[in-house]
Each structure stands twice: as structure tokens, then as C-alpha cells.
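Encoded as C-alpha cells, the structure appears first; notes follow it.
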Amino acid sequence: MTIGSLKQAKEKKSRKNKQAVIDEQSPLLPTKHKEDAGFDEFDGASFSGAVFNLSTTIVGAGIMALPATMKSLGLIPGIAMIIFMAFLTESSIELLIRFSRTSKSASYGGLMGDTFGKYGKMLLQICILVNNIGVLVVYMIIIGDVLSGTKSSGVHHAGVLEGWFGTHWWNSRFFILLVTTLGIFAPLASLKRIDSLRFTSALSVALAVVFLVVTVGITIFKLLNGTILMPRLFPDVYDITSFLKLFTVVPVLVTAYICHYNVHSIENELEDSTQIRAVVKSSLALCSSVYVLTSLFGFLLFGDATLDDVLANFDTNLGIPLGSLLNDVVRVSYAAHLMLVFPIVFYPLRLNLDGLLFPSARPLTCDNLRFASISSGLIAIIFLGANFIPSIWDAFQFTGATAAVCIGFIFPASVTLRDRYGIATKKDKILCIFMIVIAVFSNVVAIYSDAYSLIKKNSSPSE
């Protein structure tokens with residue numbers, strides 16, 4: 001016990017000493033800079049605050065696409081895949097933390113730079129830009145769908161505001177997103193330290209739970225009434241095309257758990273950095289539980305009518321007392337949740353773009369003009385993307401099949417296989433080879449399947 005205490009104290013000391021080299025290693029640095037002293041006194045983030053911030057990073061928009069994966073995979077394989085991906089994500093994050101501590105890297109970017117040089121670090125930064133911009137575009141698309149409505153397969157699904165007040169110019173998609181961007185996203189994105197978001201993160205998790213509780217309640221009520229059909233337990237596979245189509249869910253599942261870009265930022269602000277592993281495990285346990293329950297009850301409730309964005313399903317007559325009110329509670333609570341998730345994902349996006357464009361500049365938090373310019377430019381790009389990308393499934397498949405799989409699995413596995421410090425075990429290397437093979441194969445098949453379906457759809461009228 002004494003030896004363990006000494007080890008822990010030594011590890012905490014080494015984490016403090018490494019602060020001195022942070023600036024040269026990576027832009028992913030929400031650490032306690034001396035320059036930050038001007039903001040306020042900050043003694044470190046609490047365990048609960050760290051869990052809320054990491055959980056908020058994970059439970060974003062991905063949860064809304066998960067019931068649609070049940071429709072593709074069937075209930076049993078779908079739930080098994082959600083749980084499997086949680087364990088795989090925990091393994092990849094554990095590798096990141098272990099190699100970061102050995103190399104004295106205070107960030108993901110610093111670890112990639114230490115292992116593969118400046119081009120490895122730049123590649124990670126580009127992937128985080130692609131992934132986070134794609135994810136934030138998805139958030140805005142969902143908020144637009146919920147508040148102003150969406151169209152799927154030629155059927156218009158009314159938004160909350162449209163249902164309350166009718167169709168007007170001020171509740172159009174463009175205007176709603178503009179007001180949300182200027183009134184909510186911009187102020188929250190202006191905060192300079194990730195721990196400042198702990199209260200909004202706690203509220204966002206609570207709102208996600210509200211969404212889940214109402215969904216579970218509606219489903220149980222309808223089950224007791226006998227108005228829910230038996231769900232499909234396994235996928236319908238009848239030819240090679242339908243088999244390949246199963247792999248299109250992999251990018252969505254990968255995207256649902258991506259939080260690696262915020263792990264170091266949260267660890268660096270923890271009062272006791274040795275708690276980061278417990279923070280990761282607690283967050284993944286919480287989020288995977290929410291994911292399983294949402295997928296299970298969402299698919300039970302809507303069956304094969306489940307849309308790519310399940311929130312859009314909550315504009316139908318549910319056939320229960322107060323159904324219309326509950327529909328609105330579900331949709332508004334989750335739209336509010338996404339508004340509060342936005343800044344926690346935006347935070348590393350801004351830092352990585354700054355590191356890519358100004359690698360030798362002083363810390364971003366000390367340059368208000370640069371901070372404001374980068375923030376404004378990124379928000380404008382995300383706003384435009386949300387107005388021109390039609391479906392969250394399209395956005396998830398693109399980011400999941402490209403950047404997300406690199407951030408979550410390929411880069412941590414590559415760092416482990418490179419093993420500059422000789423600390424990887426044989427088991428680690430086998431796991432990493434498995435990660436890379438599964439990630440690459442699944443995403444190549446998913447991209448091929450999407451391309452094949454698109455070509456077939458475009459060529460069918462002329463046949």
C-alpha cells in the first residue's frame with residue numbers, strides 16, 4: 001500500500017513537471033498555462049465535472065442514429081455491436097493514456113508528434129477538423145429537423161415550432177439555425193477553458209436522460225396495451241448487396257463513441273490526473289447504457305418505420321394520452337441537449353485549427369483577435385454545412401468512414417505498433433492489428449456499399 005501511494009505521488013509529480021513542455025507538443029492544450037492566470041483562480045477540475053464533460057463529448061448526435069442501426073442489424077446484433085464498440089473504445093483510450101504518459105506527451109497531438117513527427121501530428125489535426133466539423137453540422141441538422149421540420153421519402157415531418165404556430169418565415173430552418181447560432185452557440189463557444197463547460201455538460205446529460213425516460217415510458221405503455229409488434233431480432237440478408245449494406249452502420253457506431261480528442265484536455269485540467277482512467281470507464285459505462293436503452297426502446301417504438309434521425313419520428317400520433325405533449329418534450333429536450341453539447345466538441349476543433357495554421361504562435365487563449373477570428377470562421381462554416389447537407393446519415397457515414405475511424409482506432413493502434421518506448425505487450429499488438437483490420441475493412445465495404453446503392457438508384461429510372 002505504501003509502495004502504491006509512492007507510485008501515485010510520483011506519477012502526479014511527473015504530470016505536473018510535463019506542463020513545461022506542453023506548448024511545443026500540441027495545440028490540444030487546455031492546461032493550466034501561466035498566461036491563463038488572468039482569467040481566474042483554477043485549482044483543477046473535479047471527477048464529476050470531468051465525467052460530465054467526457055460523457056457530453058460522447059453522447060452527442062450519434063444517439064439519434066442508433067435506432068436506425070437496429071433497423072439495419074436487427075435487435076440482438078445491434079445491441080451486441082453497441083456494447084462491443086464501448087469495450088473497443090475503452091481499450092483504444094487506455095493505449096493513448098499509457099503511451100502519452102511514457103512519452104510525457106500532454107495531448108493526443110503531442111503523442112502523434114512524438115511517434116510520427118510533425119506530419120503525424122498534422123494528420124491528426126486534419127482528421128479532428130473533418131470529424132468535428134461533420135459532427136457539429138449533424139447537431140445543427142438535427143436542431144433544424146426538430147424545430148422547423150424535415151422531409152423523408154417525400155413525407156414532411158413537422159417541426160415543433162411549425163406545429164405550435166404554423167408555417168412562418170421566422171420558424172423556417174435557416175432563420176431558426178441563425179438565431180440558435182448567434183444566441184447560443186457563439187456565446188458558449190467563446191469560453192476559453194473546457195472545465196467552464198461542466199455545468200452545461202451536466203445539464204446536457206440530464207436532458208438526454210429526460211429524452212430516454214420519456215421514450216422508455218411511451219414504449220412500455222404501448223407494450224402493455226399490445227400495440228407494439230415484435231421487432232426484428234436479426235437482419236434481413238437475401239443477397240450480397242443486402243449483406244454489404246450491413247456494414248454501412250459501422251461508421252455510425254464508430255462516430256457514436258469518438259471522444260479521444262478531449263481525453264487529454266480533460267485529464268490536463270483534472271485536480272488529480274491519475275483519475276482519468278476512472279473518468280473514461282465511468283463515462284463509457286454511462287453512455288453505453290444510454291445508447292443501449294435508446295436503441296432498444298426507440299426501435300421497439302417505431303420498428304421498421306424508424307428514420308435515420310429518430311427524433312423526426314416524434315411528430316406522429318403515438319396513440320397514447322398526452323401523446324402530442326410527450327412528442328414535444330422528447331424533441332425539445334434533445335434539441336436543447338445538442339445545443340449544450342456543441343461547445344464541448346467545438347473546443348478541440350478550434351484548438352486544432354489554430355495549431356495547424358499557427359503552430360508557433362502564443363497560446364490561443366492569450367490572443368483575443370485570433371481566438372475570435374477562428375471561432376467565427378468555424379461557426380460560419382458549420383452553419384453553411386447544416387443548411388446544405390440534407391441527412392444526418394450522409395454526414396455520419398462520411399465522417400465515420402474517414403476521420404472518426406482514424407481518431408478512434410487507427411491512430412492509437414499505429415502508435416502502439418510503432419512502440420517507440422518498448423512498452424506494448426503482445427496482447428496490445430494483436431488487439432491493435434485487429435482494430436486496424438476491422439476498421440479499414442468495415443469502412444471500405446461501407447463506402448463501396450453506399451457508392452453502389454447510389455449508382456443503382458441513379459441508373460434505375462433509365463432501365
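Ordering of the C-alpha cells sets the chain letters (A, B, ...), residue numbers begin anew at 1 in every chain, and ligands are numbered from 1 in the order given.
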(request) Can you pull out every residue within 7 Å of region 201-217 of chain A, counting only C-alpha atoms, but drop anything in the same chain fewer than 3 positions away, and send it as an MDAnalysis selection string? (result) chainID A and resid 52:53 56 197:198 220:221 294 297:298 330 333:334 337 340:341
Per-residue nearest contacts of region 239-324 of chain A to region 75-83 of chain A (7 Å; only C-alpha atoms) as a tab-separated table:
residue	atom	partner	partner_atom	distance
A:Leu253	CA	A:Ile82	CA	6.9
A:Ser288	CA	A:Ile83	CA	6.6
A:Val292	CA	A:Ile79	CA	6.1
(message) What's the separation between CA of Ser103 (chain A) and CA of Tyr421 (chain A), in Å to one decimal place?
(response) 7.7 Å
(message) Report as a list in words all protein, DNA and RNA residues lying within 7 Å of Ala312 (chain A), evaluated on only C-alpha atoms, omitting residues in the same chain fewer than 2 positions from it.
(response) Asp145, Val146, His157, Leu307, Asp309, Val310, Phe314 and Asp315 of chain A
So that I have them on file, write out the residues from the current selection with all heavy atoms, as a PDB file, in the first residue's frame.
ATOM      1  N   ASP A 145     -34.135  19.993 -37.884  1.00  0.00           N
ATOM      2  CA  ASP A 145     -35.196  18.995 -38.079  1.00  0.00           C
ATOM      3  C   ASP A 145     -36.250  19.086 -36.979  1.00  0.00           C
ATOM      4  O   ASP A 145     -37.452  19.029 -37.230  1.00  0.00           O
ATOM      5  CB  ASP A 145     -34.607  17.581 -38.083  1.00  0.00           C
ATOM      6  CG  ASP A 145     -33.795  17.270 -39.336  1.00  0.00           C
ATOM      7  OD1 ASP A 145     -33.847  18.071 -40.278  1.00  0.00           O
ATOM      8  OD2 ASP A 145     -33.114  16.231 -39.345  1.00  0.00           O
ATOM      9  N   VAL A 146     -35.779  19.210 -35.740  1.00  0.00           N
ATOM     10  CA  VAL A 146     -36.687  19.206 -34.590  1.00  0.00           C
ATOM     11  C   VAL A 146     -37.548  20.466 -34.534  1.00  0.00           C
ATOM     12  O   VAL A 146     -38.760  20.399 -34.342  1.00  0.00           O
ATOM     13  CB  VAL A 146     -35.894  19.059 -33.271  1.00  0.00           C
ATOM     14  CG1 VAL A 146     -36.788  19.302 -32.064  1.00  0.00           C
ATOM     15  CG2 VAL A 146     -35.265  17.683 -33.180  1.00  0.00           C
ATOM     16  N   HIS A 157     -42.229  15.923 -42.157  1.00  0.00           N
ATOM     17  CA  HIS A 157     -42.380  15.750 -40.713  1.00  0.00           C
ATOM     18  C   HIS A 157     -42.291  17.132 -40.075  1.00  0.00           C
ATOM     19  O   HIS A 157     -41.245  17.773 -40.114  1.00  0.00           O
ATOM     20  CB  HIS A 157     -41.287  14.829 -40.161  1.00  0.00           C
ATOM     21  CG  HIS A 157     -41.336  13.448 -40.721  1.00  0.00           C
ATOM     22  ND1 HIS A 157     -42.061  12.427 -40.154  1.00  0.00           N
ATOM     23  CD2 HIS A 157     -40.756  12.921 -41.837  1.00  0.00           C
ATOM     24  CE1 HIS A 157     -41.929  11.326 -40.876  1.00  0.00           C
ATOM     25  NE2 HIS A 157     -41.132  11.600 -41.904  1.00  0.00           N
ATOM     26  N   LEU A 307     -36.692   6.302 -38.562  1.00  0.00           N
ATOM     27  CA  LEU A 307     -35.969   7.142 -39.518  1.00  0.00           C
ATOM     28  C   LEU A 307     -34.494   7.244 -39.143  1.00  0.00           C
ATOM     29  O   LEU A 307     -34.088   6.876 -38.033  1.00  0.00           O
ATOM     30  CB  LEU A 307     -36.592   8.543 -39.552  1.00  0.00           C
ATOM     31  CG  LEU A 307     -38.053   8.626 -40.012  1.00  0.00           C
ATOM     32  CD1 LEU A 307     -38.583  10.039 -39.838  1.00  0.00           C
ATOM     33  CD2 LEU A 307     -38.185   8.175 -41.459  1.00  0.00           C
ATOM     34  N   ASP A 309     -32.835   9.803 -38.427  1.00  0.00           N
ATOM     35  CA  ASP A 309     -32.832  10.643 -37.235  1.00  0.00           C
ATOM     36  C   ASP A 309     -34.129  10.336 -36.493  1.00  0.00           C
ATOM     37  O   ASP A 309     -35.201  10.793 -36.872  1.00  0.00           O
ATOM     38  CB  ASP A 309     -32.755  12.120 -37.640  1.00  0.00           C
ATOM     39  CG  ASP A 309     -32.939  13.057 -36.459  1.00  0.00           C
ATOM     40  OD1 ASP A 309     -32.966  12.566 -35.312  1.00  0.00           O
ATOM     41  OD2 ASP A 309     -33.059  14.275 -36.681  1.00  0.00           O
ATOM     42  N   VAL A 310     -34.054   9.530 -35.422  1.00  0.00           N
ATOM     43  CA  VAL A 310     -35.262   9.032 -34.763  1.00  0.00           C
ATOM     44  C   VAL A 310     -36.111  10.152 -34.172  1.00  0.00           C
ATOM     45  O   VAL A 310     -37.324   9.993 -33.978  1.00  0.00           O
ATOM     46  CB  VAL A 310     -34.889   7.993 -33.675  1.00  0.00           C
ATOM     47  CG1 VAL A 310     -34.318   8.677 -32.437  1.00  0.00           C
ATOM     48  CG2 VAL A 310     -36.094   7.137 -33.306  1.00  0.00           C
ATOM     49  N   PHE A 314     -40.892  11.516 -33.858  1.00  0.00           N
ATOM     50  CA  PHE A 314     -41.752  12.025 -32.788  1.00  0.00           C
ATOM     51  C   PHE A 314     -42.625  13.193 -33.250  1.00  0.00           C
ATOM     52  O   PHE A 314     -42.752  14.207 -32.556  1.00  0.00           O
ATOM     53  CB  PHE A 314     -40.894  12.438 -31.583  1.00  0.00           C
ATOM     54  CG  PHE A 314     -40.400  11.282 -30.769  1.00  0.00           C
ATOM     55  CD1 PHE A 314     -39.143  10.736 -31.014  1.00  0.00           C
ATOM     56  CD2 PHE A 314     -41.176  10.724 -29.778  1.00  0.00           C
ATOM     57  CE1 PHE A 314     -38.671   9.663 -30.273  1.00  0.00           C
ATOM     58  CE2 PHE A 314     -40.714   9.641 -29.031  1.00  0.00           C
ATOM     59  CZ  PHE A 314     -39.466   9.111 -29.270  1.00  0.00           C
ATOM     60  N   ASP A 315     -43.202  13.074 -34.421  1.00  0.00           N
ATOM     61  CA  ASP A 315     -44.202  14.059 -34.852  1.00  0.00           C
ATOM     62  C   ASP A 315     -45.474  13.344 -35.297  1.00  0.00           C
ATOM     63  O   ASP A 315     -46.346  13.919 -35.918  1.00  0.00           O
ATOM     64  CB  ASP A 315     -43.656  14.945 -35.970  1.00  0.00           C
ATOM     65  CG  ASP A 315     -43.497  14.204 -37.279  1.00  0.00           C
ATOM     66  OD1 ASP A 315     -43.386  12.965 -37.236  1.00  0.00           O
ATOM     67  OD2 ASP A 315     -43.483  14.845 -38.341  1.00  0.00           O
TER      68      ASP A 315
END
(request) Do a neighbour search on Phe47 (chain A) at 9 Å with only C-alpha atoms, toss out local chain neighbours closer than 4 positions, and write the hits as a list of chain:residue names. (result)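 Surrounding residues, per the criterion: A:Val51, A:Phe52, A:Leu270, A:Glu271, A:Asp272, A:Gln275, A:Ile276, A:Ala278, A:Val279.
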Could you turn the residues from that selection into a file that holds N, CA and C atoms, as a short mmCIF file (atom, residue, chain, number, x, y, z; two decimals), in the first residue's frame?
data_model
loop_
_atom_site.label_atom_id
_atom_site.label_comp_id
_atom_site.auth_asym_id
_atom_site.auth_seq_id
_atom_site.Cartn_x
_atom_site.Cartn_y
_atom_site.Cartn_z
N VAL A 51 -16.29 13.69 -15.71
CA VAL A 51 -17.18 12.65 -16.24
C VAL A 51 -18.28 13.29 -17.08
N PHE A 52 -18.85 14.39 -16.60
CA PHE A 52 -19.89 15.07 -17.36
C PHE A 52 -19.37 15.60 -18.69
N LEU A 270 -7.78 18.02 -14.73
CA LEU A 270 -8.20 17.30 -13.52
C LEU A 270 -7.33 17.68 -12.32
N GLU A 271 -7.97 17.82 -11.17
CA GLU A 271 -7.24 18.10 -9.94
C GLU A 271 -6.26 16.96 -9.63
N ASP A 272 -6.70 15.71 -9.90
CA ASP A 272 -5.84 14.54 -9.74
C ASP A 272 -5.86 13.79 -11.08
N GLN A 275 -6.90 10.08 -12.00
CA GLN A 275 -8.29 9.64 -12.07
C GLN A 275 -8.81 9.49 -13.49
N ILE A 276 -8.01 9.81 -14.49
CA ILE A 276 -8.52 9.85 -15.86
C ILE A 276 -9.05 8.49 -16.32
N ALA A 278 -10.48 6.18 -14.50
CA ALA A 278 -11.79 6.01 -13.87
C ALA A 278 -12.83 6.91 -14.53
N VAL A 279 -12.41 8.09 -14.93
CA VAL A 279 -13.30 9.02 -15.65
C VAL A 279 -13.76 8.40 -16.97
#
(message) I'd like the neighbourhood of Lys429 (chain A) as a VMD selection string, where a residue qualifies if any of its atoms comes within 7 Å (using only C-alpha atoms), though same-chain residues fewer than 4 positions away should be ignored.
(response) chain A and resid 416 to 417 424 to 425 433
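Of the listed residues A:Ile374, A:Val249, A:Ile423, A:Arg232, the one whose atoms come nearest to Gly355 (chain A) is A:Ile374, with distances taken using only C-alpha atoms.
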(request) Would you mind writing down, as JSON, numbers by chain, each residue of region 102-194 of chain A that DSSP on the backbone assigns to strand (DSSP E or B)? (result) {"A": [150, 151, 152, 155, 156, 157]}
(request) Report the distance between CA of Leu286 (chain A) and CA of Val345 (chain A) in Å, rounded to one decimal place. (result)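 Distance between the two atoms: 18.4 Å.
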(message) Report, in Å with one decimal, the straight-line distance from CA of Glu94 (chain A) to CA of Pro412 (chain A).
(response)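 Interatomic distance, CA of Glu94 (chain A) to CA of Pro412 (chain A): 9.3 Å.
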(request) Name the closest residue to Phe99 (chain A) among the candidates A:Asp239, A:Asp308, A:Glu269, A:Asp428; distances are taken between atoms, counting only C-alpha atoms. (result)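 Going through A:Asp239, A:Asp308, A:Glu269, A:Asp428 one by one, the smallest distance to Phe99 (chain A) is for A:Asp428.
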(request) Select from region 88-260 of chain A everything DSSP, run on the backbone, classes as helix (DSSP H, G or I), then give the selection as a ChimeraX atom specification. (result) /A:88-103,108-148,160-165,169-171,173-189,194-225,240-257,260
(message) When you count only C-alpha atoms, which of these residues is closest to Ile379 (chain A): A:Ile240, A:Thr316, A:Val137, A:Ala256?
(response) A:Val137
